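> Pasting a structure below so you can have a look.
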Amino acid sequence: MKLLIKNASELVTCSSFKAKKGDEMKELSIIEDGAVVVEDGYIKRVGKTEDILKDININEYEVIDASNKAVLPGFIDSHTHFVFGGYRADEYYLRLKGATYMEIMEKGGGIINSVEATKKASKEELFNLGLKRLDSMLSFGVTTVEGKSGYGLDFDTEVKQLEVYKSLNKSHPIDIVTTYLGAHSVPKEYKGKNMEYIEYIINEVLPYIKEKNLAEFVDVFCEKNVFSVDESRKLLIAAKMMGFKLKIHADEIVSLGGAELAAEVGAVSADHLLQCSDRGIEMMVKKGVIATLLPATAFSLKEKFARARQMIDRGLAVALASDFNPGSCFTENLSLVIALATLYMNMTLEEAINAVTINAAAAIGKEKEIGSIDVGKKADIIILEHPSYKFIPYHIGVSIVEKVIKNGKLVYD
Ligand code: NIG
Ligand code: FE
């Protein structure tokens with residue numbers, strides 16, 4: 001199958017095969033009046049429309065005319081928890097009245113509520129909910145998403161969640177990268193016995209997940225009153241030895257040393273980082289850990305935002321993601337995430353676009369395959385209804401994505 005996208009007023013390529021660090025994040029590599037040639041799902045040529053038209057026989061191509069429209073790489077949402085049962089609107093309502101996320105958790109609510117609902121939900125129910133959520137993500141221009149378990153905690157429910165992600169991956173155009181987050185909360189049966197739970201995960205769960213190839217990444221909620229730095233370290237080192245790549249929910253509510261731990265164990269990304277220390281930033285720069293920032297979560301929790309400006313100025317590669325989940329952030333809207341990053345974290349719009357494309361690809365270990373419009377990469381491309389990427393945060397709260405092309409096929413129009 002051959003596809004030509006031509007006459008794009010702005011072809012925003014985000015060109016790179018590795019994460020963009022620090023000042024590199026300023027560059028979007030835009031081609032005016034650009035065109036992309038796609039063959040068999042991959043990008044074959046990128047350039048000015050007039051140059052490309054000279055070289056090809058247009059009759060062989062399906063053609064999309066992107067006149068007066070901006071064309072970008074598909075967005076990558078590199079941190080979500082989108083397979084879960086039940087909702088927590090009542091908790092959100094309490095938070096509107098002043099209760100904090102941690103107070104709700106300490107009273108027995110929070111993640112554990114979603115765990116109970118996810119245990120009760122059948123695989124089919126979770127699958128159908130997942131499909132609906134993926135459709136919504138697609139409408140916001142997402143072509144690849146990372147999805148975490150962590151609403152099961154027990155063996156069967158964690159495996160159920162991961163298997164649902166695998167079936168969704170086969171049934172929906174969006175590609176899904178899965179992460180095992182059994183250490184999302186301490187299950188009731190292990191209350192006060194965190195280390196025992198970590199050992200149970202290491203001995204009983206990780207080998208099965210590896211054998212069945214149910215997850216590429218292992219993640220942990222390293223937080224005061226959840227898992228300590230020592231408990232997280234033990235889990236992550238064991239996971240690494242089994243061949244998993246690592247992520248950490250780090251320094252979200254309390255500055256615990258999660259960023260430092262991410263650097264120490266060689267995590268691909270440390271996520272949240274609202275309370276990350278200066279030393280944590282320095283260590284992440286040295287080790288090339290990606291800072292995945294989740295401003296819609298800070299916004300929903302009324303927390304202060306992560307220090308994106310300092311992180312980028314000190315040379316970090318920053319990715320942005322939604323954190324879509326039933327508790328702290330119930331949105332799949334990456335345009336809103338970009339708007340919040342530019343309004344409240346002082347990121348430039350160019351940095352924010354790189355953060356949901358090439359840097360997000362790097363945050364899931366796929367920077368050589370996706371995340372930019374470069375020859376050889378998968379043809380995951382979005383077309384906006386407006387002529388410039390500058391409309392993305394401006395038309396706030398909605399999607400201005402008109403078309404989505406996934407693996408060279410038009411999957412949303
Ligand atoms: O990334 N912080 C921990 N995990 C999720 C929230 C999960 C939930 O509240 O259900 C997060 O914010
Ligand atoms: Fe999260």
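Chain labels run A, B, ... following the order of the structure tokens; each chain numbers its residues from 1, and ligands are numbered from 1 in the order shown.
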Run DSSP on the backbone and grab whatever in stretch 92-252 of chain A lands in strand (DSSP E or B); send it over as a list in words.
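Checking each residue of stretch 92-252 of chain A, the strand (DSSP E or B) ones are Val142, Thr143, Thr144, Val145, Glu146, Gly147, Lys148, Asp175, Ile176, Val177, Thr178, Thr179, Tyr180, Leu181, Gly182, Ala183, Phe217, Val218, Asp219, Val220, Phe221, Cys222, Phe227, Lys245, Leu246, Lys247, Ile248, His249 and Ala250 of chain A.
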> Please provide as JSON, numbers by chain all residues within 8 Å of A:Ala355, with the sequence filter that same-chain residues fewer than 4 positions apart are discarded (counting only C-alpha atoms).
{"A": [25, 318, 319, 320, 351, 359, 360]}
> Output N, CA and C atoms for every residue in that selection, as a CSV table (one decimal), in the first residue's frame.

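Output below, filename result.csv:
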```csv
chain,number,residue,atom,x,y,z
A,25,MET,N,15.5,20.1,22.8
A,25,MET,CA,14.0,20.0,22.8
A,25,MET,C,13.4,21.2,22.1
A,318,VAL,N,12.8,15.6,28.7
A,318,VAL,CA,11.4,15.6,29.4
A,318,VAL,C,10.4,15.0,28.4
A,319,ALA,N,9.6,14.0,28.9
A,319,ALA,CA,8.4,13.6,28.2
A,319,ALA,C,7.2,14.0,28.9
A,320,LEU,N,6.1,14.1,28.2
A,320,LEU,CA,4.8,14.5,28.8
A,320,LEU,C,3.8,13.3,28.6
A,351,GLU,N,9.0,22.5,22.9
A,351,GLU,CA,9.4,21.5,23.9
A,351,GLU,C,8.3,20.5,24.2
A,359,ASN,N,10.4,12.2,22.6
A,359,ASN,CA,10.8,11.9,23.9
A,359,ASN,C,9.9,10.9,24.6
A,360,ALA,N,8.6,10.9,24.3
A,360,ALA,CA,7.7,9.9,24.8
A,360,ALA,C,8.0,8.5,24.2
```
> Quick one: everything within 9 Å of stretch 287-302 of chain A, counting only C-alpha atoms, minus sequence neighbours fewer than 4 positions away in the same chain. Send it as an NGL selection string.
:A and (19 or 21 or 78-79 or 92 or 95 or 100-101 or 252 or 259 or 262-264 or 266-274 or 281-283 or 306 or 308 or 311 or 316-324 or 328-331 or 333-334 or 336-338 or 340-341 or 344-345 or 355 or 359-360 or 362-363)
> Run DSSP on the backbone and tell me which residues of stretch 183-387 of chain A come out as alpha helix (DSSP H); list them as a ChimeraX atom specification.
/A:194-200,206-211,229-241,258-265,278-287,295-301,308-313,334-344,349-355,358-363
> As an exercise, work out the distance from atom CA of A:Lys170 to atom CA of A:Phe127 in Å and give it to one decimal place.
11.4 Å
> Around ligand 1, at most 6 Å away and counting only C-alpha atoms and all ligand atoms, which residues are there? Put them as a ChimeraX atom specification, please.
/A:110-111,221,323,325-328
> Any chance you can output those residues with N, CA and C atoms as a PDB file, in the first residue's frame?

```pdb
ATOM      1  N   GLY A 110      -9.082   5.354  47.596  1.00  0.00           N
ATOM      2  CA  GLY A 110      -8.019   5.510  46.598  1.00  0.00           C
ATOM      3  C   GLY A 110      -7.837   4.265  45.757  1.00  0.00           C
ATOM      4  N   ILE A 111      -6.579   3.926  45.495  1.00  0.00           N
ATOM      5  CA  ILE A 111      -6.248   2.825  44.587  1.00  0.00           C
ATOM      6  C   ILE A 111      -6.999   1.547  44.970  1.00  0.00           C
ATOM      7  N   PHE A 221       5.196   2.319  42.748  1.00  0.00           N
ATOM      8  CA  PHE A 221       4.769   3.591  43.337  1.00  0.00           C
ATOM      9  C   PHE A 221       5.640   3.822  44.569  1.00  0.00           C
ATOM     10  N   ASP A 323      -1.159  10.195  32.254  1.00  0.00           N
ATOM     11  CA  ASP A 323      -1.396   9.493  33.531  1.00  0.00           C
ATOM     12  C   ASP A 323      -2.856   9.051  33.647  1.00  0.00           C
ATOM     13  N   ASN A 325      -6.004   7.693  34.589  1.00  0.00           N
ATOM     14  CA  ASN A 325      -6.323   6.699  35.629  1.00  0.00           C
ATOM     15  C   ASN A 325      -7.591   7.142  36.359  1.00  0.00           C
ATOM     16  N   PRO A 326      -8.222   6.220  37.126  1.00  0.00           N
ATOM     17  CA  PRO A 326      -9.515   6.582  37.727  1.00  0.00           C
ATOM     18  C   PRO A 326      -9.420   7.468  38.969  1.00  0.00           C
ATOM     19  N   GLY A 327      -8.189   7.673  39.476  1.00  0.00           N
ATOM     20  CA  GLY A 327      -8.069   8.397  40.735  1.00  0.00           C
ATOM     21  C   GLY A 327      -7.521   9.803  40.587  1.00  0.00           C
ATOM     22  N   SER A 328      -6.226   9.884  40.280  1.00  0.00           N
ATOM     23  CA  SER A 328      -5.567  11.195  40.331  1.00  0.00           C
ATOM     24  C   SER A 328      -5.709  12.002  39.050  1.00  0.00           C
TER      25      SER A 328
END
```
> How far is it from atom CA of A:Tyr394 to atom CA of A:Val37, in Å with one decimal?
29.6 Å
> Within 12 Å of stretch 202-206 of chain A, counting only C-alpha atoms, which residues show up once you throw out same-chain ones fewer than 5 positions away? Write them as a PyMOL selection string, please.
chain A and resi 153-159+179-183+195-197+211-219+231-244
> Of the candidates A:His386, A:Lys406, A:Arg88, A:Lys368, which one gets nearest to A:Ala8 if we count only C-alpha atoms?
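Of all the options, A:His386 lies closest to A:Ala8.
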> Identify which of the residues A:Glu125, A:Asp251, A:Asp413, A:Asp380 lies closest to ligand 2, counting only C-alpha atoms and all ligand atoms when measuring atom-to-atom distances.
A:Asp251
